[in-house]
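Participant: One structure is given below, represented as structure tokens, and several questions about it will come after.
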Amino acid sequence: MGIIKAEDLSYNYIKLGEDEKTEEVSEAVRNVSIDIHAGEFVAILGHNGSGKSTLAKHMNALLLPTEGTIWIDGRDSRDEDALLAIRQTAGMVFQNPDNQIVAGVVEEDVGFGPENMGVPTEEIWERVDRSLEAVGMTAYRKSSPNRLSGGQKQRVAIAGVMAMEPKCIVLDEPTAMLDPGGRREVIRTVRELNRKKGITVILITHYMEEVIHADRIYVMDEGQVAMEGTPEEIFTQVERLKELRLDVPQVTELAYGLRKRGVPLSPCILDEEQLVKEILEVRAGNVHNA
Amino acid sequence: MSITLDHVEYKYSEGTPMETEALHDVSLEIRDGEFIGLIGHTGSGKSTLIQHLNGLMRATGGDILYNGESIYREGYSMKELRSHVGLVFQYPEYQLFESDVLSDVCFGPKNQGLSEEQAKARAIEALRLVGMGEEYDKRSPFDLSGGQKRRAAIAGVLAMKPEVLILDEPTAGLDPKGRDEILGQIARLHREQGLTVILVSHSMEDVAVYVDRLLVMDHGRLRFDGAPREVFSHYRELEEIGLAAPRVTYIAHALKEAGFPVRTDVITVAEAEEAILCTLNGTNEREKATP
């Protein structure tokens, strides 16, 4: 069993009508079965309202399934006694950095989680050191979070989660409010945590460029998993993605356009270097054949 | 319509130890019918700048002229200025509050002193302009999708019939299709209604496609002011200030460096496609022409 495994998971939001009696049920997640392995980098894509965030909130028991089951590191999220262990296993980072920072000094903010867990003081500081180091924010440990840029604030939020020593981090559109520099910082940090520390990463985003290095992608639509595969497998299906209100990275779109106009390129190019290499080969071929 | 900023400065907490300069010596002119992109890293002064344009913030130095008249002149009607310069904040859907979409959009024009009837007519017009049909009028704004909520919020500002529409990151958090829909609507308003638009964005790819002129803020200063193609040619400097050029610009540069002779001033996917094809076909023809 993977570190996060869901079986036939459904979640219904129930809305009361104006008379406060009639109930309206909306199915945000329907029969989702997923299996994410320890150490994987998994991306979840999907249009607004496709159910990605609702699914993500099940991964650390912020929401409990209406039907079906989700296990986090083998623990059923409905098991109340396992709640703390689940929250420590899977940490969450949200879209708005300003909503996630609680303390007036960076190092205290990062220490907030372990302190709440009852970790001894000395160890809290060790964890704070390690976490700030891991996200490259050690130089700012004494700073006030409100003086930081958006990307730096998100890195502090990630450090705060890291200080709880989770096995898995779930990031729900962590870059939606950031400038290009901030987006680069956050994605680089997350990839490093995955590669160097073996942390399982689940990244939800609307930026297609950010998921080209993922091991696997799930695409959600109407609360269900509509597509699943490697970035190559997913981004080959340009038309299908557009139907699902999504997109492909600019590199892929350019390669796709060139291919449609007769340039013999591989069916799915995600990487800039690969595109450059193939275009050079085509040109060399042209010269040769002429 | 024109807005002129003449050496505008803004300092937070002026005269205290916490004094911070948020705008430094900004001078520029916004002309009628322009479609302007405003980019800059977080904290570069973009939001401060746009809040000066409709008088929400008051410059601590310099002057701002609307149609040649100083908005800081005694007796100048800020209320009137705000009805000419409409500002759509970030995440405007959080500001929806009425029980149905139509009433929500009526709020602005009613505040301007229009009658119930006139306000309603304005609201209907504005909703149709953002592509929301009659079927949405009576729906609760809270039942709409993310992109629809945002369009309703934009209609709320359009209903006040501004001459200038300023949008602070109108596509943040929207899926790619929602993003294209909103930007497409804004571009249409600019084209068909002659609206002057200022678009604050973190997406270099988006501004490259839509705007005619790009303003770049950095630490409270106006670093660049020019056509997107010209501004993006400074991509190294843009990176130093937390920005970038569109991805395709980098691809063109990488190709050129690898010895593939291609235009490097491409900023959209369509342009890059043409440029690359042009080089590839050029190779063919040249080779064929050689005996």
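Following the order of the structure tokens, first chain is A, next is B, and so on, with residues numbered from 1 inside each chain and ligands from 1 in the order they appear.
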Please provide as a PyMOL selection string all residues within 8 Å of segment 242-251 of chain B, with the sequence filter that same-chain residues fewer than 2 positions apart are discarded (counting only C-alpha atoms).
Facilitator: (chain A and resi 179-182+250-251+254+272+276) or (chain B and resi 40-41+204-205+208+232-233+235-236+238-240+253-255+264-269+272)
Participant: Could you list the residues in chain A lying within 8 Å of chain B, using only C-alpha atoms, and format the result as JSON, numbers by chain?
Facilitator: {"A": [46, 47, 48, 49, 149, 150, 173, 176, 177, 178, 179, 180, 181, 182, 206, 242, 245, 246, 247, 250, 251, 253, 254, 257, 258, 272, 276, 280, 283, 286, 287, 290]}
Participant: If we count only C-alpha atoms and set the cut-off at 9 Å, which residues sit around segment 133-148 of chain A, ignoring sequence neighbours fewer than 4 positions away in its own chain? Please answer as a VMD selection string.
Facilitator: (chain A and resid 98 101 103 to 109 128 to 129 152 to 153 155 to 156 158 to 159 162 186 189 to 190 192 to 193 197) or (chain B and resid 43)
Participant: Counting only C-alpha atoms, what is within 12 Å of Glu80 of chain B, bar same-chain residues fewer than 4 positions away, as a list in words?
Facilitator: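 In the requested format, the answer is Asn54, Gly55, Tyr66, Ile71, Gly75, Tyr76, His84, Val85, Gly86, Asn111, Gln112, Gly113, Met160, Lys161, Pro162 and Glu163 of chain B.
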Participant: Counting only C-alpha atoms, which of B:Ala275, B:Val164, B:Met57, B:Leu96 gets nearest to Ile3 of chain B?
Facilitator: B:Val164
